[in-house]
Each structure stands twice: as structure tokens, then as C-alpha cells.
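K.L.:
Can you keep this structure in mind? I'll have questions shortly.
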Amino acid sequence: MVNIEMETCRLTDYADLESYRANLQAKKTENKVITICCGTGCLAYGASKIGQSFKDEIKNQGLEGTVSVKFTGCQGFCERGPLVVIRPENILYQRVKPEDVSRIVTETIRNDLILDDLLYTIPSTNEKVRCEEDVPFYKKQLRLVFGTNGYIDPTSLDDYIQAGGYQALNKVLSSMSPDEVVDEIKISGLRGRGGGGFATGAKWEITREAPGELKYVICNCDEGDPGAFMDRSLMEGNPHSIIEGMVIAAYAVGARQGYIYIRNEYPVALKNSEIAIKKAEEKGLLGKNILGTGFDFSIKISRGGGAFVCGESTALMASIEGRTGEPRANYIHTSEKGLWERPTLLNNVETLANIPLIINKGAEWFYGIGTGNSKGTKIFSLVGKVHNTGLIEVPMGITLREIIYEIGGGIPGGKKFKAVQTGGPSGGCLPEEKLDLSVDFDELSRAGSMMGSGAMIVMDEDNCMVDIARYFLSFLEEESCGKCVPCREGLKRMRQILDRIIEGKGQDEDIELLIDLSESLTMGALCGLGGSAGNPVLSTIRHFKDEYVAHIQEKRCPAGVCKPLIRYYIVEANCNGCSLCIKECPADAISFQGKKQPVKLDQDKCTKCGACYDICRLNAVEVK
Ligand code: SF4
Ligand code: SF4
Ligand code: SF4
Ligand code: FES
């Protein structure tokens with residue numbers, strides 16, 4: 001427990017910060033900490049009610065002072081939320097409900113008894129797992145950047161300081177010149193985690209060397225890829241690590257003002273970053289005369305309206321300036337002429353969160369993790385057809401197979417893996433032959449996909465790759481700002497071609513036409529959104545051409561997804577006439593034929609909703 005005096009005192013030099021940290025550590029009285037994940041996912045499952053119940057129960061059972069309750073950010077295993085972890089033993093309880101709280105306190109906290117029904121069960125072996133680190137989802141991860149999320153309260157600066165926070169800033173301001181900081185980041189080999197994979201140190205050096213007194217540092221938290229929530233969860237769960245990274249970056253490049261650009265639709269990230277900025281300012285870690293060194297750097301929050309294109313650097317800067325979020329020609333580098341035409345350093349959330357780690361542990365340590373040109377770890381959002389979905393942090397170089405089968409737990413329902421889409425909407429789909437590909441910037445690009453910001457969507461045999469290409473292309477078509485013709489018209493034309501293929505009206509020349517249009521888009525688009533927009537189509541044609549051919553030539557959707565090309569049938573040999581599908585059919589298309597007799601399906605009435613297929617337990621409904 002921290003007293004009021006500690007909450008309000010301003011730190012005036014390096015030694016002050018270290019003695020403040022030592023005081024916090026000495027004041028720790030609790031033997032146990034109950035951490036409740038209050039990331040957006042677990043909040044949606046009711047985590048705040050559970051958290052309040054724990055606080056009440058600890059009080060009622062007279063355990064205040066020896067047991068503390070901590071609300072943390074996302075711990076990654078969102079699909080199993082609400083998550084409760086009891087530390088220091090790291091006992092993980094999943095899918096906790098308010099009615100479980102009292103027995104957790106009575107049995108586990110007071111009597112050290114484990115509640116088996118709340119433990120995670122490995123689906124393949126039915127084995128119950130007691131500790132967080134033994135759950136297969138966590139076992140193969142290397143949670144250097146994201147791991148702290150599970151230990152600290154993001155609204156408490158003291159928690160961050162106690163965990164070693166602002167030590168890197170202290171080191172930089174007390175013993176390193178700006179050039180030395182830039183060199184350290186260059187030596188580490190860190191590359192931008194936002195999509196482009198540009199060398200971070202080189203970017204810092206260009207901004208540092210750009211002429212001009214007034215410079216800016218921007219943190220890009222406009223993560224808009226479907227299925228991605230890495231940056232948002234870092235900002236929600238550990239905002240001080242990003243602020244610390246920004247202050248170090250500002251010192252290195254010579255900036256005095258910074259902006260965090262956050263989507264307005266991320267309320268928890270907005271709230272926690274606002275609190276963190278205020279607390280860091282009060283403590284003298286941000287604002288005027290940081291730690292008494294005479295170095296000034298302030299951060300403002302700029303809210304984005306949710307346009308995908310505003311993740312692009314120049315569009316983002318236009319948006320901060322209050323102009324329409326449209327990209328400009330990219331031959332003018334933002335490192336030299338960015339926000340308000342001043343030299344500007346733009347890094348994404350995850351990149352900045354790596355900075356304190358590199359400074360604390362050293363560039364060589366960081367360089368030793370990963371592969372040739374891809375150093376450190378990467379956070380991915382692993383979603384789609386895998387048992388364990390959520391946020392994972394893995395060393396560069398891990399294989400797709402390890403991610404999908406060991407961390408993700410494989411494909412549910414005994415289905416066959418078909419593809420994994422990496423790199424967001426402009427990324428690519430990789431087939432089974434690529435499962436042993438080592439995940440890094442270069443290998444993914446060579447395989448026709450990309451790292452992007454880290455979305456990873458797993459698909460099984462029930463996904464149609466033509467339909468998937470159409471989904472991503474439509475997303476990009478909607479998000480295109482429309483400024484340049486190849487993107488505005490090219491995407492529309494490509495989507496129309498995919499529409500007609502899906503409707504069974506595809507023509508033989510359509511595949512070549514899609515390839516031509518994708519290539520024109522890559523060459524003629526003004527910004528990265530258009531430049532990479534052809535990837536979903538190109539990669540699915542490259543790896544799943546047979547599915548396009550089946551749609552165009554045989555008028556057949558092999559995965560049974562594209563409605564105009566499929567029909568539902570009753571497999572008479574399997575049907576026992578149970579009538580479940582009759583009750584479920586919204587179109588009265590299935591009729592009873594007598595007890596234990598196979599039912600009949602009227603194709604003229606069928607709307608292809610799939611409800612009968614989903615409900616039948618005897619595989620008596622087939623889709624072809
Ligand atoms: S490529 Fe697309 S998103 Fe980018 S500027 Fe052109 S129209 Fe806008
Ligand atoms: S649910 Fe399956 S088994 Fe039952 S009547 Fe329908 S098709 Fe037949
Ligand atoms: S697909 Fe839908 S509409 Fe068609 S028979 Fe089955 S339940 Fe009825
Ligand atoms: S939001 Fe709780 S684990 Fe992700």
C-alpha cells in the first residue's frame with residue numbers, strides 16, 4: 001500500500017527516482033496478490049464485477065494488508081476470460097464468475113487448496129493445469145514486452161516504478177548522449193513493429209540529423225487491422241512503458257513535443273494513457289525539467305476517428321493537424337518534413353515499448369534474440385480456427401507450426417488446417433506447405449505475405465480462399481481514401497471481378513485480370529494501403545489457384561461457402577428422421593417423411609442458411 005505522500009512527491013533527480021523505487025519495494029506488505037485481467041476482452045466478460053467482489057470478499061474475510069487485489073491489463077489468453085491469477089504461485093483460474101469469488105478466497109487464498117473446476121484443461125489430454133506458465137498457450141512464448149501486463153495495474157505509476165519502470169530513462173538521461181542512444185537502438189537491430197519493418201535506429205538517426213529546432217515524436221496507436229489488438233492491449237495494460245519509450249526517443253532525436261494518436265473507439269487505452277501522462281507529469285518524469293535535467297518533453301493525446309488509412313504516417317499527421325486524413329506522396333520523408341512540416345519521428349506502440357528493454361538490458365542482449373535481420377520478439381493476435389486464441393509474444397524465428405499447434409493448440413473439431421493469413425488486410429494467406437516457415441520479416445515477405453502489425457488469422461477446410469480474398473479486398477475498398485485512381489478504381493474493379501466469380505459468373509481470363517490489376521495497384525498507388533492491397537488476391541491465387549479454377553470453370557465452391565455455388569442435401573443413409581433440422585429451418589424447406597425415415601429437402605424453398613447443417617449431429621446434411 002502506498003501512502004498519499006508517496007503518490008504526490010515530485011522526483012527531482014536520478015537518485016530520487018531510485019530511492020523512491022526502493023521505498024515502494026520496502027513498503028510491500030502483501031503475501032499474495034490476486035490479479036484480475038481488466039483488458040477490454042475480460043471487461044466484456046464481466047471482469048470489473050468480479051474485481052469488486054474480490055475487494056469486498058478480502059475485506060469481509062479480514063485479509064486486507066496481507067492479500068491485495070490488482071486490476072491488470074490484458075494477459076493474452078482473452079478467449080478464456082475473465083482471467084484471475086494468484087501470485088506469487090501464478091495459479092491461473094479461467095472463465096471465473098462472480099459466484100466463484102468467495103470460494104477462491106476461502107479455499108485457495110486461506111487454505112491453499114486448488115479449485116480444479118476453474119483450471120485450464122488441455123483439450124487433447126484432459127489434463128488440468130495449475131500454473132500460468134505451464135499452460136501450453138503460454139509455455140512457448142517469450143513475453144518480454146507484453147508479460148508485465150499481467151503484473152501491474154496500468155493506472156498506477158508506482159506499480160510500474162516498482163517493477164523497474166523509468167530505469168531506462170534514468171540511465172539515458174544520466175549517462176548517455178543522444179547519439180549514444182541512437183547508436184544503441186541501431187546496434188540492437190530493432191525494426192518497426194507497425195508494418196513496414198523499417199530499421200528503428202536508422203529512422204531515429206535521420207530525424208536527429210534533420211535540420212530544425214522544432215521536432216516531434218508520435219506514437220501510432222491507430223491499430224485498425226481486423227482481428228488485431230496488440231497495440232491497443234499494450235496501451236491499455238502498460239502505458240508507462242510506451243511513455244518511457246517516447247521520452248527516450250524524444251531525447252535521442254531532439255524533440256520537445258509528442259503525440260499519442262489513439263482511435264477514439266479504444267476507450268480503455270485512451271483512459272489509461274491519459275492517467276499515465278498525468279501521473280508521469282506530476283512525478284517529474286514528463287513535461288518540464290524531467291528528473292531535474294533541464295530536458296523538457298510533453299505528450300498530448302490526439303484521437304483518431306477510426307479510418308484505417310490514418311494508420312499511414314502522412315495521413316495520421318494530417319489528421320493530428322486537423323486536416324482530412326489522406327496520405328501524401330511518400331518521396332517527402334516525414335523524418336524530415338512531417339507534422340506541421342517539421343522533422344517527425346513516428347513509431348508504433350510495440351516499437352516504443354521495446355525501447356526501455358533495450359536500454360536496460362543492452363543492445364547486444366536484444367540482438368541475440370531472433371533471426372538474421374529480425375531481432376527480438378513480436379506480439380501477434382492469434383485468432384480464427386485455433387483452440388487457443390488471444391495475444392501471444394514469440395521470438396522472431398519461431399515457426400508457424402509451433403504458433404498454431406503448440407501455442408494455439410491446433411484446429412478445433414478435427415478439421416484440417418487450410419491457411420494462415422498474416423500481416424493484416426494487406427497481408428497474404430500461407431498454405432500448409434509453409435507451416436514450417438520461420439516467422440520473421442524477410443521469410444514472410446519471401447512467401448508472399450508480410451509481418452504487418454501482427455494479425456494472424458487461422459483458417460480451416462471450411463474457409464473458401466476466394467471468399468477470404470474478397471473479404472479483405474472489400475475492407476480495403478471501403479477504407480481507401482479515394483485520392484488516387486489505381487487504388488480507388490482498381491480495388492472496386494477487383495472486388496467486382498471476385499463478386500462475379502463467387503456468383504458463378506467468372507470467366508477464364510479473370511485470374512489474369514486480377515493479377516494485372518494487383519500489379520498496377522502496387523506500382524501506381526500513392527500510399528502503402530493501395531500499394532499492398534493486391535496481396536490477399538495475389539497470395540490466394542499463388543497458393544490456392546485450384547479454388548479459383550473450381551469457382552470459374554466448374555462453378556463449384558470446394559469449401560461449400562459461396563452461396564450461389566452450393567446446395568444442401570440430405571444424406572439419406574445417415575438421417576434417422578429426428579426432425580431437429582425441421583424445427584431449425586427458417587424456410588420450411590425440410591419435411592417429415594415418417595418415423596425413422598429420412599427427411600426431404602426442397603431445393604426451391606431452401607435459402608442456403610446452413611442451419612440444418614449446423615444442427616445435425618449425424619452428418620446427415622451435406623453441402624456441395
Ligand atoms: S493508395 Fe488508396 S488509400 Fe493510399 S492515397 Fe491512394 S487512394 Fe488513398
Ligand atoms: S437433423 Fe440430421 S438426422 Fe435429424 S432429421 Fe435432420 S438431417 Fe436427419
Ligand atoms: S440450408 Fe437453411 S433454408 Fe436450406 S434447408 Fe437447411 S435450414 Fe432450411
Ligand atoms: S482481455 Fe483478459 S486476457 Fe485479454
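Lettering and numbering for the C-alpha cells are positional, with chains as A, B, ... in the shown order, residues counted from 1 in each chain, and ligands counted from 1 in the shown order.
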Using only C-alpha atoms and all ligand atoms, find each protein or nucleic acid residue lying at most 6 Å from ligand 3; present the set as a list in words.
P.N.:
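So the residues close to ligand 3 are Tyr568, Cys585, Pro586, Ala587, Ala589, Ile590, Leu601, Cys606, Thr607, Lys608, Cys609, Gly610, Ala611 and Cys612 of chain A.
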K.L.:
Can you pull out every residue with an atom within 12 Å of ligand 1? Use only C-alpha atoms and all ligand atoms and format it as a PyMOL selection string.
P.N.:
chain A and resi 307-316+324-330+426+475-492+520-534
K.L.:
Where does chain A meet ligand 4 within 8 Å, residue by residue, with the nearest atom pair and distance in Å to one decimal for each, counting only C-alpha atoms and all ligand atoms, listed by chain and rising number, as a tab-separated table?
P.N.:
```
residue	atom	partner	partner_atom_place_in_ligand_line	distance
A:Cys37	CA	ligand 4	2 (Fe)	4.7
A:Cys38	CA	ligand 4	2 (Fe)	5.9
A:Gly39	CA	ligand 4	1 (S)	3.7
A:Thr40	CA	ligand 4	1 (S)	5.0
A:Gly41	CA	ligand 4	1 (S)	3.7
A:Cys42	CA	ligand 4	2 (Fe)	4.1
A:Leu43	CA	ligand 4	1 (S)	6.9
A:Gly73	CA	ligand 4	1 (S)	6.8
A:Cys74	CA	ligand 4	4 (Fe)	3.8
A:Gln75	CA	ligand 4	3 (S)	4.1
A:Gly76	CA	ligand 4	3 (S)	4.3
A:Phe77	CA	ligand 4	3 (S)	4.3
A:Cys78	CA	ligand 4	3 (S)	3.5
A:Glu79	CA	ligand 4	3 (S)	7.1
A:Arg80	CA	ligand 4	3 (S)	7.1
A:Gly81	CA	ligand 4	2 (Fe)	5.4
A:Pro82	CA	ligand 4	2 (Fe)	5.9
A:Leu83	CA	ligand 4	2 (Fe)	6.0
A:Ser233	CA	ligand 4	4 (Fe)	7.6
A:Gly390	CA	ligand 4	4 (Fe)	6.6
A:Leu391	CA	ligand 4	4 (Fe)	7.1
```
K.L.:
Nearest to ligand 2: which of A:Ser474, A:Ser177, A:Ser591, A:Ser374 is it, counting only C-alpha atoms and all ligand atoms?
P.N.:
A:Ser591
K.L.:
Ligand 2: which residues are within 6 Å, counting only C-alpha atoms and all ligand atoms? Reply as a list of chain:residue names.
P.N.:
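The residues near ligand 2 are A:Ile570, A:Cys575, A:Asn576, A:Gly577, A:Cys578, A:Ser579, A:Leu580, A:Cys581, A:Pro598, A:Val599, A:Cys616, A:Leu618, A:Ala620, A:Val621.
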K.L.:
Give me, please, the distance in Å between atom CA of A:Glu622 and atom CA of A:Val420, quoted to one decimal.
P.N.:
25.7 Å
K.L.:
Mind giving me the straight-line distance from atom CA of A:Leu63 to atom CA of A:Thr106 in Å, one decimal?
P.N.:
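Taking atom CA of A:Leu63 as the start and atom CA of A:Thr106 as the end point, the length is 10.6 Å.
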K.L.:
Go through A:Thr12, A:Gln61, A:Gln141, A:Ser241 and flag the residue nearest A:Gly408, using only C-alpha atoms for the distances.
P.N.:
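Of A:Thr12, A:Gln61, A:Gln141, A:Ser241, the one nearest A:Gly408, counting only C-alpha atoms, is A:Gln141.
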K.L.:
At a cut-off of 7 Å, using only C-alpha atoms, what residues contact A:Pro136? Leave out same-chain residues fewer than 3 positions from it and give the result as a list of chain:residue names.
P.N.:
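Listing them by chain and then by number gives A:Lys139, A:Glu406, A:Ile407.
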K.L.:
Can you spit out the residues from that selection as an mmCIF file, in the first residue's frame, using N, CA, C and O atoms?
P.N.:
```cif
data_model
loop_
_atom_site.group_PDB
_atom_site.id
_atom_site.type_symbol
_atom_site.label_atom_id
_atom_site.label_comp_id
_atom_site.auth_asym_id
_atom_site.auth_seq_id
_atom_site.Cartn_x
_atom_site.Cartn_y
_atom_site.Cartn_z
ATOM 1 N N LYS A 139 3.448 -21.454 -22.601
ATOM 2 C CA LYS A 139 4.731 -22.153 -22.454
ATOM 3 C C LYS A 139 5.780 -21.758 -23.491
ATOM 4 O O LYS A 139 6.938 -21.553 -23.165
ATOM 5 N N GLU A 406 1.249 -25.599 -31.164
ATOM 6 C CA GLU A 406 1.686 -25.704 -29.761
ATOM 7 C C GLU A 406 1.088 -24.586 -28.911
ATOM 8 O O GLU A 406 0.515 -24.829 -27.872
ATOM 9 N N ILE A 407 1.193 -23.345 -29.381
ATOM 10 C CA ILE A 407 0.603 -22.240 -28.607
ATOM 11 C C ILE A 407 -0.908 -22.197 -28.839
ATOM 12 O O ILE A 407 -1.697 -22.108 -27.898
#
```
K.L.:
Can you tell me which residues surround stretch 331-337 of chain A at a distance of at most 12 Å, considering only C-alpha atoms, apart from same-chain residues fewer than 2 positions away, and format the answer as JSON, numbers by chain?
P.N.:
{"A": [200, 202, 203, 204, 205, 206, 207, 208, 209, 210, 211, 212, 213, 214, 215, 216, 217, 218, 253, 255, 312, 313, 314, 315, 316, 317, 318, 327, 328, 329, 339, 340, 341, 342, 343, 344, 345, 346, 347, 526, 527]}
K.L.:
To test your reading of the structure, identify every residue in stretch 189-374 of chain A that backbone DSSP assigns to strand (DSSP E or B), and report it as a VMD selection string.
P.N.:
chain A and resid 191 199 216 to 221 257 to 263 287 297 to 304 344 to 348 370 to 371 374
K.L.:
So, counting only C-alpha atoms, which residue among A:Leu142, A:Met230, A:Ala249, A:Val67 is closest to A:Leu382?
P.N.:
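With only C-alpha atoms as the atom set, the closest residue is A:Met230.
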K.L.:
Which residue, A:Leu352, A:Leu144, A:Val549, A:Cys9, has the smallest gap to A:Val394 when you use only C-alpha atoms?
P.N.:
A:Leu144
K.L.:
Name all residues at most 10 Å from A:Val466 (count only C-alpha atoms; drop same-chain ones fewer than 4 positions away) and give them as a list in words.
P.N.:
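With the cut-off at 10 Å, the set is Arg470, Tyr471, Leu498, Asp499, Ile501, Ile502, Pro536, Val537, Thr540, Ile541, Phe544, Lys545, Glu547, Tyr548, His551, Cys557, Ala559, Val561 and Cys562 of chain A.
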K.L.:
Would you save the residues from that selection as an mmCIF file, in the first residue's frame, using N, CA and C atoms?
P.N.:
```cif
data_model
loop_
_atom_site.group_PDB
_atom_site.id
_atom_site.type_symbol
_atom_site.label_atom_id
_atom_site.label_comp_id
_atom_site.auth_asym_id
_atom_site.auth_seq_id
_atom_site.Cartn_x
_atom_site.Cartn_y
_atom_site.Cartn_z
ATOM 1 N N ARG A 470 -11.932 -11.883 -51.195
ATOM 2 C CA ARG A 470 -12.966 -10.862 -51.414
ATOM 3 C C ARG A 470 -13.230 -10.066 -50.129
ATOM 4 N N TYR A 471 -13.231 -10.750 -48.989
ATOM 5 C CA TYR A 471 -13.485 -10.068 -47.710
ATOM 6 C C TYR A 471 -12.430 -8.985 -47.466
ATOM 7 N N LEU A 498 -14.212 -10.437 -58.295
ATOM 8 C CA LEU A 498 -14.361 -11.503 -57.281
ATOM 9 C C LEU A 498 -15.836 -11.793 -57.017
ATOM 10 N N ASP A 499 -16.654 -10.744 -57.026
ATOM 11 C CA ASP A 499 -18.108 -10.944 -56.846
ATOM 12 C C ASP A 499 -18.648 -11.883 -57.903
ATOM 13 N N ILE A 501 -17.050 -14.030 -59.715
ATOM 14 C CA ILE A 501 -16.516 -15.406 -59.581
ATOM 15 C C ILE A 501 -17.327 -16.161 -58.525
ATOM 16 N N ILE A 502 -17.597 -15.468 -57.421
ATOM 17 C CA ILE A 502 -18.341 -16.084 -56.316
ATOM 18 C C ILE A 502 -19.790 -16.395 -56.714
ATOM 19 N N PRO A 536 -3.797 -9.907 -50.742
ATOM 20 C CA PRO A 536 -4.715 -11.023 -50.451
ATOM 21 C C PRO A 536 -5.108 -11.784 -51.717
ATOM 22 N N VAL A 537 -5.258 -11.052 -52.817
ATOM 23 C CA VAL A 537 -5.646 -11.711 -54.072
ATOM 24 C C VAL A 537 -4.449 -12.467 -54.651
ATOM 25 N N THR A 540 -3.581 -15.600 -52.540
ATOM 26 C CA THR A 540 -4.538 -16.718 -52.666
ATOM 27 C C THR A 540 -4.470 -17.333 -54.067
ATOM 28 N N ILE A 541 -4.197 -16.500 -55.067
ATOM 29 C CA ILE A 541 -4.043 -17.082 -56.420
ATOM 30 C C ILE A 541 -2.769 -17.937 -56.455
ATOM 31 N N PHE A 544 -3.593 -20.985 -53.817
ATOM 32 C CA PHE A 544 -4.883 -21.704 -53.855
ATOM 33 C C PHE A 544 -5.576 -21.505 -55.209
ATOM 34 N N LYS A 545 -4.770 -21.571 -56.271
ATOM 35 C CA LYS A 545 -5.325 -21.301 -57.603
ATOM 36 C C LYS A 545 -6.425 -22.305 -57.951
ATOM 37 N N GLU A 547 -8.742 -23.380 -56.221
ATOM 38 C CA GLU A 547 -10.074 -22.954 -55.743
ATOM 39 C C GLU A 547 -10.680 -21.918 -56.701
ATOM 40 N N TYR A 548 -9.840 -21.032 -57.233
ATOM 41 C CA TYR A 548 -10.345 -20.064 -58.229
ATOM 42 C C TYR A 548 -10.831 -20.822 -59.469
ATOM 43 N N HIS A 551 -14.183 -22.468 -58.963
ATOM 44 C CA HIS A 551 -15.280 -21.490 -58.999
ATOM 45 C C HIS A 551 -15.585 -21.073 -60.440
ATOM 46 N N CYS A 557 -17.851 -24.309 -55.349
ATOM 47 C CA CYS A 557 -17.043 -23.773 -54.241
ATOM 48 C C CYS A 557 -16.600 -24.966 -53.398
ATOM 49 N N ALA A 559 -15.072 -25.384 -50.688
ATOM 50 C CA ALA A 559 -15.244 -25.309 -49.227
ATOM 51 C C ALA A 559 -16.719 -25.228 -48.836
ATOM 52 N N VAL A 561 -18.823 -22.633 -49.258
ATOM 53 C CA VAL A 561 -19.101 -21.349 -48.616
ATOM 54 C C VAL A 561 -19.905 -20.408 -49.515
ATOM 55 N N CYS A 562 -19.529 -20.331 -50.776
ATOM 56 C CA CYS A 562 -20.125 -19.316 -51.676
ATOM 57 C C CYS A 562 -21.554 -19.726 -52.059
#
```
K.L.:
Atom CA of A:Phe472 and atom CA of A:Val458 are how many Å apart?
P.N.:
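Between atom CA of A:Phe472 and atom CA of A:Val458 the gap works out to 14.3 Å.
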K.L.:
List the neighbours of A:Glu57 out to 8 Å using only C-alpha atoms; skip same-chain residues closer than 6 positions along the sequence, and give me the result as a ChimeraX atom specification.
P.N.:
/A:101-102,105
K.L.:
For A:Val439, find every residue with an atom within 6 Å (counting only C-alpha atoms), except residues of its own chain fewer than 3 positions away, and show them as a PyMOL selection string.
P.N.:
chain A and resi 396-399
